[in-house]
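Everything below belongs to input09.txt, which stores compact mmCIF, N, CA and C atoms.
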# COMPACT_ATOMS: atom_id res chain seq x y z
N MET W 1 -28.54 58.51 78.28
CA MET W 1 -29.14 57.29 77.75
C MET W 1 -28.59 56.10 78.53
N PRO W 2 -29.42 55.12 78.75
CA PRO W 2 -28.94 53.96 79.48
C PRO W 2 -27.96 53.13 78.66
N VAL W 3 -27.11 52.43 79.38
CA VAL W 3 -26.07 51.63 78.74
C VAL W 3 -26.63 50.56 77.81
N PRO W 4 -27.70 49.82 78.18
CA PRO W 4 -28.20 48.79 77.25
C PRO W 4 -28.68 49.37 75.91
N LEU W 5 -29.32 50.54 75.96
CA LEU W 5 -29.80 51.16 74.72
C LEU W 5 -28.62 51.55 73.83
N MET W 6 -27.60 52.16 74.42
CA MET W 6 -26.43 52.56 73.62
C MET W 6 -25.68 51.33 73.10
N GLY W 7 -25.65 50.26 73.90
CA GLY W 7 -25.02 49.02 73.43
C GLY W 7 -25.77 48.43 72.25
N ALA W 8 -27.10 48.44 72.33
CA ALA W 8 -27.91 47.94 71.22
C ALA W 8 -27.71 48.80 69.97
N LEU W 9 -27.67 50.13 70.15
CA LEU W 9 -27.42 51.01 69.01
C LEU W 9 -26.05 50.75 68.39
N LEU W 10 -25.06 50.52 69.23
CA LEU W 10 -23.72 50.24 68.72
C LEU W 10 -23.70 48.95 67.91
N LEU W 11 -24.32 47.91 68.43
CA LEU W 11 -24.35 46.63 67.71
C LEU W 11 -25.15 46.73 66.42
N LEU W 12 -26.33 47.36 66.48
CA LEU W 12 -27.15 47.49 65.28
C LEU W 12 -26.48 48.35 64.22
N SER W 13 -25.88 49.46 64.63
CA SER W 13 -25.25 50.32 63.65
C SER W 13 -24.01 49.66 63.06
N GLY W 14 -23.27 48.92 63.87
CA GLY W 14 -22.12 48.18 63.34
C GLY W 14 -22.54 47.14 62.32
N ALA W 15 -23.62 46.40 62.62
CA ALA W 15 -24.13 45.41 61.68
C ALA W 15 -24.67 46.08 60.42
N ALA W 16 -25.31 47.23 60.57
CA ALA W 16 -25.85 47.95 59.42
C ALA W 16 -24.74 48.47 58.52
N VAL W 17 -23.63 48.89 59.11
CA VAL W 17 -22.49 49.37 58.30
C VAL W 17 -21.97 48.23 57.43
N VAL W 18 -21.81 47.04 58.03
CA VAL W 18 -21.33 45.88 57.26
C VAL W 18 -22.35 45.51 56.18
N ALA W 19 -23.63 45.49 56.53
CA ALA W 19 -24.66 45.13 55.55
C ALA W 19 -24.70 46.13 54.40
N CYS W 20 -24.59 47.42 54.72
CA CYS W 20 -24.62 48.44 53.65
C CYS W 20 -23.39 48.32 52.76
N ALA W 21 -22.25 48.00 53.32
CA ALA W 21 -21.05 47.83 52.51
C ALA W 21 -21.23 46.66 51.54
N VAL W 22 -21.83 45.57 52.01
CA VAL W 22 -22.09 44.42 51.14
C VAL W 22 -23.08 44.80 50.05
N VAL W 23 -24.14 45.53 50.39
CA VAL W 23 -25.14 45.95 49.40
C VAL W 23 -24.49 46.85 48.35
N ILE W 24 -23.63 47.76 48.76
CA ILE W 24 -22.97 48.65 47.80
C ILE W 24 -22.09 47.86 46.85
N VAL W 25 -21.36 46.89 47.39
CA VAL W 25 -20.51 46.05 46.52
C VAL W 25 -21.36 45.28 45.53
N LEU W 26 -22.46 44.71 46.00
CA LEU W 26 -23.34 43.95 45.09
C LEU W 26 -23.99 44.85 44.05
N LEU W 27 -24.41 46.04 44.45
CA LEU W 27 -25.01 46.97 43.48
C LEU W 27 -23.98 47.46 42.47
N ALA W 28 -22.74 47.62 42.91
CA ALA W 28 -21.70 48.09 42.00
C ALA W 28 -21.35 47.05 40.94
N ARG W 29 -21.63 45.79 41.21
CA ARG W 29 -21.32 44.73 40.24
C ARG W 29 -22.39 44.56 39.17
N THR W 30 -23.58 45.11 39.40
CA THR W 30 -24.66 44.93 38.43
C THR W 30 -24.51 45.92 37.29
N ARG W 31 -25.03 45.55 36.13
CA ARG W 31 -25.05 46.43 34.97
C ARG W 31 -26.48 46.64 34.56
N PRO W 32 -26.96 47.79 34.27
CA PRO W 32 -26.34 49.09 34.51
C PRO W 32 -26.34 49.40 36.00
N ARG W 33 -25.37 50.18 36.41
CA ARG W 33 -25.24 50.51 37.83
C ARG W 33 -26.37 51.45 38.26
N PRO W 34 -27.13 51.05 39.28
CA PRO W 34 -28.20 51.92 39.78
C PRO W 34 -27.61 52.99 40.72
N ALA W 35 -27.25 54.13 40.15
CA ALA W 35 -26.56 55.17 40.92
C ALA W 35 -27.40 55.66 42.10
N GLY W 36 -28.69 55.78 41.92
CA GLY W 36 -29.56 56.24 43.00
C GLY W 36 -29.56 55.28 44.18
N ARG W 37 -29.63 54.00 43.89
CA ARG W 37 -29.64 53.00 44.97
C ARG W 37 -28.29 52.93 45.67
N ILE W 38 -27.22 53.06 44.91
CA ILE W 38 -25.89 53.06 45.52
C ILE W 38 -25.74 54.27 46.44
N ALA W 39 -26.22 55.44 45.99
CA ALA W 39 -26.13 56.64 46.81
C ALA W 39 -26.99 56.51 48.07
N LYS W 40 -28.16 55.89 47.95
CA LYS W 40 -29.01 55.68 49.14
C LYS W 40 -28.32 54.76 50.13
N ALA W 41 -27.74 53.67 49.64
CA ALA W 41 -27.04 52.74 50.52
C ALA W 41 -25.82 53.41 51.16
N ALA W 42 -25.14 54.27 50.41
CA ALA W 42 -23.98 54.99 50.96
C ALA W 42 -24.42 55.96 52.04
N ALA W 43 -25.58 56.61 51.86
CA ALA W 43 -26.09 57.52 52.88
C ALA W 43 -26.42 56.77 54.16
N VAL W 44 -27.04 55.61 54.04
CA VAL W 44 -27.35 54.80 55.22
C VAL W 44 -26.06 54.32 55.88
N LEU W 45 -25.10 53.91 55.07
CA LEU W 45 -23.81 53.47 55.61
C LEU W 45 -23.14 54.58 56.42
N LEU W 46 -23.08 55.77 55.87
CA LEU W 46 -22.43 56.88 56.56
C LEU W 46 -23.20 57.29 57.82
N GLY W 47 -24.51 57.26 57.76
CA GLY W 47 -25.30 57.57 58.94
C GLY W 47 -25.09 56.55 60.05
N CYS W 48 -25.08 55.28 59.68
CA CYS W 48 -24.84 54.23 60.68
C CYS W 48 -23.41 54.30 61.22
N LEU W 49 -22.47 54.69 60.38
CA LEU W 49 -21.10 54.85 60.83
C LEU W 49 -21.01 55.98 61.87
N ALA W 50 -21.72 57.07 61.63
CA ALA W 50 -21.74 58.17 62.60
C ALA W 50 -22.32 57.71 63.93
N VAL W 51 -23.39 56.93 63.89
CA VAL W 51 -23.99 56.41 65.12
C VAL W 51 -23.03 55.47 65.83
N ALA W 52 -22.36 54.60 65.08
CA ALA W 52 -21.43 53.65 65.69
C ALA W 52 -20.25 54.36 66.35
N VAL W 53 -19.70 55.36 65.70
CA VAL W 53 -18.57 56.10 66.27
C VAL W 53 -19.02 56.87 67.51
N TYR W 54 -20.21 57.49 67.44
CA TYR W 54 -20.70 58.22 68.61
C TYR W 54 -20.93 57.27 69.79
N CYS W 55 -21.55 56.12 69.53
CA CYS W 55 -21.80 55.17 70.61
C CYS W 55 -20.49 54.68 71.22
N GLY W 56 -19.49 54.42 70.39
CA GLY W 56 -18.18 54.03 70.91
C GLY W 56 -17.57 55.11 71.78
N GLY W 57 -17.66 56.35 71.36
CA GLY W 57 -17.18 57.47 72.17
C GLY W 57 -17.98 57.65 73.44
N TRP W 58 -19.29 57.42 73.34
CA TRP W 58 -20.14 57.53 74.52
C TRP W 58 -19.73 56.51 75.57
N PHE W 59 -19.46 55.28 75.12
CA PHE W 59 -19.00 54.25 76.05
C PHE W 59 -17.65 54.63 76.66
N SER W 60 -16.79 55.25 75.87
CA SER W 60 -15.50 55.70 76.39
C SER W 60 -15.70 56.71 77.51
N VAL W 61 -16.64 57.64 77.33
CA VAL W 61 -16.91 58.65 78.35
C VAL W 61 -17.59 58.01 79.56
N THR W 62 -18.60 57.18 79.31
CA THR W 62 -19.39 56.60 80.39
C THR W 62 -18.60 55.61 81.25
N LEU W 63 -17.89 54.73 80.59
CA LEU W 63 -17.18 53.68 81.31
C LEU W 63 -15.80 54.13 81.79
N GLY W 64 -15.39 55.29 81.39
CA GLY W 64 -14.15 55.86 81.91
C GLY W 64 -12.93 55.53 81.08
N GLY W 65 -12.84 54.36 80.49
CA GLY W 65 -11.67 53.99 79.71
C GLY W 65 -10.40 54.23 80.51
N PRO W 66 -9.37 54.79 79.91
CA PRO W 66 -8.14 55.08 80.64
C PRO W 66 -8.27 56.32 81.52
N PHE W 67 -9.32 57.06 81.34
CA PHE W 67 -9.60 58.24 82.13
C PHE W 67 -10.40 57.79 83.34
N PRO W 68 -10.30 58.18 84.50
CA PRO W 68 -9.49 59.21 85.17
C PRO W 68 -8.13 58.73 85.66
N ALA W 69 -7.76 57.50 85.34
CA ALA W 69 -6.46 56.99 85.78
C ALA W 69 -5.31 57.84 85.23
N GLN W 70 -5.54 58.54 84.12
CA GLN W 70 -4.49 59.36 83.52
C GLN W 70 -4.37 60.73 84.17
N CYS W 71 -5.30 61.08 85.05
CA CYS W 71 -5.23 62.38 85.72
C CYS W 71 -4.16 62.34 86.81
N GLU W 72 -3.27 63.28 86.77
CA GLU W 72 -2.26 63.42 87.81
C GLU W 72 -2.87 64.15 89.00
N ASP W 73 -2.41 63.84 90.20
CA ASP W 73 -2.91 64.53 91.39
C ASP W 73 -2.51 66.00 91.38
N VAL W 74 -1.35 66.29 90.80
CA VAL W 74 -0.83 67.65 90.71
C VAL W 74 -0.28 67.83 89.31
N ASN W 75 -0.64 68.94 88.63
CA ASN W 75 -0.12 69.15 87.28
C ASN W 75 1.30 69.73 87.32
N LEU W 76 1.87 69.99 86.16
CA LEU W 76 3.26 70.45 86.09
C LEU W 76 3.48 71.79 86.79
N SER W 77 2.46 72.64 86.84
CA SER W 77 2.63 73.94 87.50
C SER W 77 2.38 73.86 89.01
N GLY W 78 2.06 72.67 89.52
CA GLY W 78 1.89 72.49 90.96
C GLY W 78 0.46 72.63 91.44
N ALA W 79 -0.50 72.83 90.55
CA ALA W 79 -1.90 72.98 90.95
C ALA W 79 -2.51 71.61 91.22
N PRO W 80 -3.26 71.47 92.31
CA PRO W 80 -3.87 70.18 92.62
C PRO W 80 -5.08 69.89 91.72
N LEU W 81 -5.38 68.60 91.60
CA LEU W 81 -6.54 68.16 90.83
C LEU W 81 -7.80 68.61 91.55
N GLU W 82 -8.66 69.31 90.83
CA GLU W 82 -9.88 69.84 91.44
C GLU W 82 -11.10 69.00 91.10
N GLY W 83 -11.10 68.38 89.94
CA GLY W 83 -12.26 67.58 89.56
C GLY W 83 -12.12 66.99 88.18
N LEU W 84 -13.14 66.24 87.83
CA LEU W 84 -13.22 65.61 86.51
C LEU W 84 -14.47 66.11 85.82
N ARG W 85 -14.40 66.27 84.52
CA ARG W 85 -15.58 66.70 83.77
C ARG W 85 -15.77 65.74 82.60
N GLN W 86 -16.99 65.26 82.46
CA GLN W 86 -17.34 64.40 81.35
C GLN W 86 -18.53 65.02 80.64
N GLU W 87 -18.42 65.13 79.32
CA GLU W 87 -19.51 65.66 78.51
C GLU W 87 -19.82 64.65 77.42
N TYR W 88 -21.09 64.54 77.11
CA TYR W 88 -21.50 63.56 76.11
C TYR W 88 -21.63 64.17 74.73
N TRP W 89 -21.80 65.48 74.61
CA TRP W 89 -21.70 66.12 73.30
C TRP W 89 -21.16 67.51 73.49
N PRO W 90 -20.04 67.85 72.96
CA PRO W 90 -19.14 66.92 72.27
C PRO W 90 -18.53 65.95 73.27
N LEU W 91 -18.22 64.76 72.79
CA LEU W 91 -17.63 63.74 73.66
C LEU W 91 -16.32 64.26 74.23
N ARG W 92 -16.22 64.23 75.55
CA ARG W 92 -15.03 64.83 76.15
C ARG W 92 -14.82 64.32 77.57
N ASN W 93 -13.60 64.02 77.91
CA ASN W 93 -13.16 63.72 79.27
C ASN W 93 -12.08 64.71 79.60
N ALA W 94 -12.15 65.35 80.76
CA ALA W 94 -11.14 66.34 81.11
C ALA W 94 -10.81 66.27 82.60
N CYS W 95 -9.53 66.48 82.90
CA CYS W 95 -9.06 66.64 84.27
C CYS W 95 -8.98 68.13 84.52
N LEU W 96 -9.62 68.62 85.57
CA LEU W 96 -9.63 70.05 85.89
C LEU W 96 -8.72 70.31 87.09
N TYR W 97 -7.85 71.31 86.96
CA TYR W 97 -6.91 71.65 88.02
C TYR W 97 -7.27 73.00 88.63
N ALA W 98 -6.75 73.24 89.83
CA ALA W 98 -7.10 74.45 90.59
C ALA W 98 -6.67 75.73 89.90
N ASP W 99 -5.64 75.68 89.06
CA ASP W 99 -5.20 76.90 88.38
C ASP W 99 -6.00 77.20 87.12
N GLY W 100 -7.05 76.42 86.85
CA GLY W 100 -7.92 76.67 85.70
C GLY W 100 -7.54 75.89 84.46
N SER W 101 -6.45 75.16 84.53
CA SER W 101 -6.04 74.37 83.36
C SER W 101 -6.82 73.06 83.32
N SER W 102 -6.86 72.49 82.16
CA SER W 102 -7.52 71.19 82.01
C SER W 102 -6.73 70.36 81.02
N VAL W 103 -6.87 69.05 81.16
CA VAL W 103 -6.21 68.11 80.25
C VAL W 103 -7.29 67.19 79.71
N GLU W 104 -7.48 67.21 78.39
CA GLU W 104 -8.51 66.37 77.77
C GLU W 104 -7.90 65.04 77.37
N HIS W 105 -8.70 63.98 77.51
CA HIS W 105 -8.20 62.64 77.21
C HIS W 105 -8.93 61.94 76.08
N LEU W 106 -9.99 62.52 75.56
CA LEU W 106 -10.66 61.93 74.41
C LEU W 106 -10.29 62.76 73.20
N PRO W 107 -9.65 62.16 72.21
CA PRO W 107 -9.20 62.96 71.08
C PRO W 107 -10.36 63.59 70.32
N PRO W 108 -10.16 64.80 69.83
CA PRO W 108 -11.23 65.46 69.07
C PRO W 108 -11.54 64.74 67.76
N SER W 109 -10.68 63.81 67.36
CA SER W 109 -10.93 63.08 66.12
C SER W 109 -12.22 62.29 66.19
N VAL W 110 -12.64 61.87 67.39
CA VAL W 110 -13.91 61.15 67.52
C VAL W 110 -15.05 62.06 67.10
N ASN W 111 -15.04 63.31 67.60
CA ASN W 111 -16.09 64.25 67.21
C ASN W 111 -16.02 64.58 65.73
N VAL W 112 -14.82 64.70 65.20
CA VAL W 112 -14.67 64.98 63.77
C VAL W 112 -15.23 63.82 62.95
N LEU W 113 -14.96 62.58 63.39
CA LEU W 113 -15.50 61.42 62.67
C LEU W 113 -17.03 61.38 62.73
N VAL W 114 -17.59 61.70 63.89
CA VAL W 114 -19.05 61.69 64.02
C VAL W 114 -19.66 62.77 63.15
N LEU W 115 -19.17 64.00 63.30
CA LEU W 115 -19.74 65.10 62.51
C LEU W 115 -19.47 64.92 61.02
N GLY W 116 -18.28 64.49 60.66
CA GLY W 116 -17.95 64.27 59.26
C GLY W 116 -18.84 63.21 58.63
N SER W 117 -19.03 62.10 59.33
CA SER W 117 -19.90 61.04 58.80
C SER W 117 -21.34 61.51 58.69
N ALA W 118 -21.80 62.26 59.67
CA ALA W 118 -23.19 62.74 59.64
C ALA W 118 -23.40 63.73 58.49
N VAL W 119 -22.46 64.64 58.29
CA VAL W 119 -22.57 65.61 57.20
C VAL W 119 -22.50 64.90 55.85
N LEU W 120 -21.58 63.96 55.72
CA LEU W 120 -21.49 63.20 54.46
C LEU W 120 -22.75 62.38 54.22
N ALA W 121 -23.34 61.83 55.28
CA ALA W 121 -24.59 61.07 55.13
C ALA W 121 -25.71 61.97 54.62
N ALA W 122 -25.81 63.18 55.18
CA ALA W 122 -26.83 64.12 54.73
C ALA W 122 -26.60 64.54 53.28
N ALA W 123 -25.36 64.82 52.94
CA ALA W 123 -25.04 65.22 51.56
C ALA W 123 -25.31 64.08 50.58
N THR W 124 -24.96 62.88 50.97
CA THR W 124 -25.19 61.73 50.10
C THR W 124 -26.68 61.45 49.96
N ALA W 125 -27.44 61.64 51.03
CA ALA W 125 -28.89 61.46 50.93
C ALA W 125 -29.50 62.47 49.97
N CYS W 126 -29.04 63.72 50.03
CA CYS W 126 -29.52 64.74 49.08
C CYS W 126 -29.14 64.37 47.65
N ALA W 127 -27.92 63.89 47.47
CA ALA W 127 -27.49 63.47 46.14
C ALA W 127 -28.31 62.29 45.65
N ALA W 128 -28.65 61.36 46.53
CA ALA W 128 -29.46 60.20 46.15
C ALA W 128 -30.85 60.63 45.70
N VAL W 129 -31.43 61.59 46.40
CA VAL W 129 -32.75 62.10 46.00
C VAL W 129 -32.65 62.76 44.63
N PHE W 130 -31.63 63.56 44.41
CA PHE W 130 -31.44 64.23 43.12
C PHE W 130 -31.27 63.22 41.99
N VAL W 131 -30.42 62.23 42.20
CA VAL W 131 -30.16 61.22 41.16
C VAL W 131 -31.42 60.40 40.89
N SER W 132 -32.16 60.05 41.93
CA SER W 132 -33.38 59.27 41.74
C SER W 132 -34.44 60.05 40.97
N ARG W 133 -34.59 61.32 41.28
CA ARG W 133 -35.56 62.15 40.55
C ARG W 133 -35.15 62.33 39.10
N ARG W 134 -33.86 62.51 38.87
CA ARG W 134 -33.38 62.67 37.50
C ARG W 134 -33.60 61.40 36.70
N ALA W 135 -33.36 60.24 37.32
CA ALA W 135 -33.59 58.97 36.64
C ALA W 135 -35.07 58.75 36.35
N ARG W 136 -35.95 59.15 37.28
CA ARG W 136 -37.38 59.02 37.08
C ARG W 136 -37.84 59.91 35.92
N ARG W 137 -37.31 61.12 35.85
CA ARG W 137 -37.68 62.03 34.76
C ARG W 137 -37.21 61.47 33.42
N ALA W 138 -36.03 60.86 33.40
CA ALA W 138 -35.53 60.26 32.16
C ALA W 138 -36.42 59.11 31.71
N LEU W 139 -36.94 58.32 32.66
CA LEU W 139 -37.84 57.22 32.29
C LEU W 139 -39.16 57.72 31.76
N VAL W 140 -39.66 58.83 32.35
CA VAL W 140 -40.92 59.41 31.89
C VAL W 140 -40.75 59.96 30.47
N ARG W 141 -39.65 60.61 30.20
CA ARG W 141 -39.40 61.18 28.86
C ARG W 141 -39.21 60.09 27.83
N ALA W 142 -38.59 58.97 28.22
CA ALA W 142 -38.35 57.88 27.28
C ALA W 142 -39.67 57.16 26.91
N ALA W 143 -40.63 57.18 27.79
CA ALA W 143 -41.89 56.46 27.56
C ALA W 143 -42.85 57.22 26.71
Rewrite the structure from the file as structure tokens, please.
Amino acid sequence: MPVPLMGALLLLSGAAVVACAVVIVLLARTRPRPAGRIAKAAAVLLGCLAVAVYCGGWFSVTLGGPFPAQCEDVNLSGAPLEGLRQEYWPLRNACLYADGSSVEHLPPSVNVLVLGSAVLAAATACAAVFVSRRARRALVRAA
């Protein structure tokens, strides 16, 4: 993906995370609390958070960050640097040495945050649908 598109996604998702947090706080202050709407806003928040974290990691891979400056010309076992490998999913920067060893410089926590946020967003969206349907059925029965 081109850099401007990923930059726009990063800015939009960051703004959406802040907006969803404000909406959740405002919805939580109302009485009675609309659980379905809060769950929907939480699902959007978690989804946008996953996009923001992925875009940040993508920029780390694309722009290099501290990598490849952290690659040593020769590793501890004496093998020379053979190449660099960058992957966009899972996000990863690695120094490859002639003896087959590699040193990764992007922590796996970025991937865990992306996957964790995405899974939580999907679960929260399912919960929001369930709560909304249950509330609709309660209104139909009350009428």
**OP:** Return the single residue from W:Asn111, W:Asn75, W:Ser117, W:Thr30 that is closest to Leu91 in chain W, with distances computed using all atoms listed in the file.
**Re:** W:Asn111
Subject >> Secondary structure check, helix (DSSP H, G or I) residues of chain W, as a PyMOL selection string >> reply: chain W and resi 3-29+35-63+109-142
Original post:
When you draw a straight line from CA of Val129 in chain W to CA of Arg33 in chain W, how long is it in Å?
Top reply: 16.0 Å
Name all residues at most 6.5 Å from range 39-45 of chain W (count all atoms listed in the file; drop same-chain ones fewer than 2 positions away) and give them as a JSON list (two decimals) with N, CA and C atoms, in the frame of the given file.
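Dumped everything to result.json:
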[["chain", "number", "residue", "atom", "x", "y", "z"],
["W", 16, "ALA", "N", -25.31, 47.23, 60.57],
["W", 16, "ALA", "CA", -25.85, 47.95, 59.42],
["W", 16, "ALA", "C", -24.74, 48.47, 58.52],
["W", 17, "VAL", "N", -23.63, 48.89, 59.11],
["W", 17, "VAL", "CA", -22.49, 49.37, 58.30],
["W", 17, "VAL", "C", -21.97, 48.23, 57.43],
["W", 20, "CYS", "N", -24.59, 47.42, 54.72],
["W", 20, "CYS", "CA", -24.62, 48.44, 53.65],
["W", 20, "CYS", "C", -23.39, 48.32, 52.76],
["W", 21, "ALA", "N", -22.25, 48.00, 53.32],
["W", 21, "ALA", "CA", -21.05, 47.83, 52.51],
["W", 21, "ALA", "C", -21.23, 46.66, 51.54],
["W", 24, "ILE", "N", -23.63, 47.76, 48.76],
["W", 24, "ILE", "CA", -22.97, 48.65, 47.80],
["W", 24, "ILE", "C", -22.09, 47.86, 46.85],
["W", 34, "PRO", "N", -27.13, 51.05, 39.28],
["W", 34, "PRO", "CA", -28.20, 51.92, 39.78],
["W", 34, "PRO", "C", -27.61, 52.99, 40.72],
["W", 35, "ALA", "N", -27.25, 54.13, 40.15],
["W", 35, "ALA", "CA", -26.56, 55.17, 40.92],
["W", 35, "ALA", "C", -27.40, 55.66, 42.10],
["W", 36, "GLY", "N", -28.69, 55.78, 41.92],
["W", 36, "GLY", "CA", -29.56, 56.24, 43.00],
["W", 36, "GLY", "C", -29.56, 55.28, 44.18],
["W", 37, "ARG", "N", -29.63, 54.00, 43.89],
["W", 37, "ARG", "CA", -29.64, 53.00, 44.97],
["W", 37, "ARG", "C", -28.29, 52.93, 45.67],
["W", 47, "GLY", "N", -24.51, 57.26, 57.76],
["W", 47, "GLY", "CA", -25.30, 57.57, 58.94],
["W", 47, "GLY", "C", -25.09, 56.55, 60.05],
["W", 48, "CYS", "N", -25.08, 55.28, 59.68],
["W", 48, "CYS", "CA", -24.84, 54.23, 60.68],
["W", 48, "CYS", "C", -23.41, 54.30, 61.22],
["W", 49, "LEU", "N", -22.47, 54.69, 60.38],
["W", 49, "LEU", "CA", -21.10, 54.85, 60.83],
["W", 49, "LEU", "C", -21.01, 55.98, 61.87],
["W", 50, "ALA", "N", -21.72, 57.07, 61.63],
["W", 50, "ALA", "CA", -21.74, 58.17, 62.60],
["W", 50, "ALA", "C", -22.32, 57.71, 63.93],
["W", 120, "LEU", "N", -21.58, 63.96, 55.72],
["W", 120, "LEU", "CA", -21.49, 63.20, 54.46],
["W", 120, "LEU", "C", -22.75, 62.38, 54.22],
["W", 121, "ALA", "N", -23.34, 61.83, 55.28],
["W", 121, "ALA", "CA", -24.59, 61.07, 55.13],
["W", 121, "ALA", "C", -25.71, 61.97, 54.62],
["W", 122, "ALA", "N", -25.81, 63.18, 55.18],
["W", 122, "ALA", "CA", -26.83, 64.12, 54.73],
["W", 122, "ALA", "C", -26.60, 64.54, 53.28],
["W", 124, "THR", "N", -24.96, 62.88, 50.97],
["W", 124, "THR", "CA", -25.19, 61.73, 50.10],
["W", 124, "THR", "C", -26.68, 61.45, 49.96],
["W", 125, "ALA", "N", -27.44, 61.64, 51.03],
["W", 125, "ALA", "CA", -28.89, 61.46, 50.93],
["W", 125, "ALA", "C", -29.50, 62.47, 49.97],
["W", 127, "ALA", "N", -27.92, 63.89, 47.47],
["W", 127, "ALA", "CA", -27.49, 63.47, 46.14],
["W", 127, "ALA", "C", -28.31, 62.29, 45.65],
["W", 128, "ALA", "N", -28.65, 61.36, 46.53],
["W", 128, "ALA", "CA", -29.46, 60.20, 46.15],
["W", 128, "ALA", "C", -30.85, 60.63, 45.70]]
Subject >> Shortest interatomic distance to Gly116 in chain W - which of W:Leu26, W:Ala79, W:Leu63, W:Leu46, counting all atoms listed in the file >> reply: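 Using all atoms listed in the file, Gly116 in chain W sits closest to W:Leu46.
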Original post:
What residues in chain W get the DSSP label strand (DSSP E or B)? Please answer as an NGL selection string.
Top reply: :W and (74 or 80-88 or 91-97 or 102-104)
Original post:
For the atom pair CA of Ala98 in chain W and atom C of Gln70 in chain W, what is the interatomic distance in Å to one decimal place?
Top reply: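 These two atoms are separated by 15.4 Å.
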Original post:
Looking at W:Gly14, W:Ser101, W:Ala142, W:Val114, which one is nearest to Leu84 in chain W, with distances taken over only C-alpha atoms?
Top reply: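 The closest residue to Leu84 in chain W is W:Ser101.
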Box along x, y and z, 8 Å on every side, all listed atoms of range 120-135 of chain W inside: centre and edge lengths in Å to one decimal, as JSON.
{"center_x": -28.5, "center_y": 62.0, "center_z": 46.0, "size_x": 30.1, "size_y": 22.5, "size_z": 35.4}
Original post:
What lies within 7 Å of range 92-96 of chain W using all atoms listed in the file, ignoring chain neighbours under 4 positions off, as a PyMOL selection string?
Top reply: chain W and resi 61+71+80-88+100-106
Original post:
What does the distance from atom N of Ala118 in chain W to atom C of Pro32 in chain W come to in Å, to one decimal?
Top reply: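 We find that atom N of Ala118 in chain W and atom C of Pro32 in chain W lie 27.3 Å from each other.
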All heavy atoms are needed for range 60-64 of chain W; please write them out as a compact mmCIF listing (two decimals), keeping the file's coordinate frame.
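Result file is selection.txt:
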# COMPACT_ATOMS: atom_id res chain seq x y z
N SER W 60 -16.79 55.25 75.87
CA SER W 60 -15.50 55.70 76.39
C SER W 60 -15.70 56.71 77.51
O SER W 60 -15.02 56.66 78.54
CB SER W 60 -14.66 56.30 75.27
OG SER W 60 -13.47 56.84 75.78
N VAL W 61 -16.64 57.64 77.33
CA VAL W 61 -16.91 58.65 78.35
C VAL W 61 -17.59 58.01 79.56
O VAL W 61 -17.21 58.25 80.71
CB VAL W 61 -17.78 59.79 77.78
CG1 VAL W 61 -18.28 60.69 78.88
CG2 VAL W 61 -16.99 60.59 76.76
N THR W 62 -18.60 57.18 79.31
CA THR W 62 -19.39 56.60 80.39
C THR W 62 -18.60 55.61 81.25
O THR W 62 -18.64 55.65 82.47
CB THR W 62 -20.63 55.89 79.83
OG1 THR W 62 -21.38 56.84 79.09
CG2 THR W 62 -21.49 55.32 80.92
N LEU W 63 -17.89 54.73 80.59
CA LEU W 63 -17.18 53.68 81.31
C LEU W 63 -15.80 54.13 81.79
O LEU W 63 -15.13 53.40 82.49
CB LEU W 63 -17.06 52.43 80.44
CG LEU W 63 -18.41 51.85 80.00
CD1 LEU W 63 -18.20 50.67 79.08
CD2 LEU W 63 -19.25 51.47 81.20
N GLY W 64 -15.39 55.29 81.39
CA GLY W 64 -14.15 55.86 81.91
C GLY W 64 -12.93 55.53 81.08
O GLY W 64 -12.05 56.36 80.97
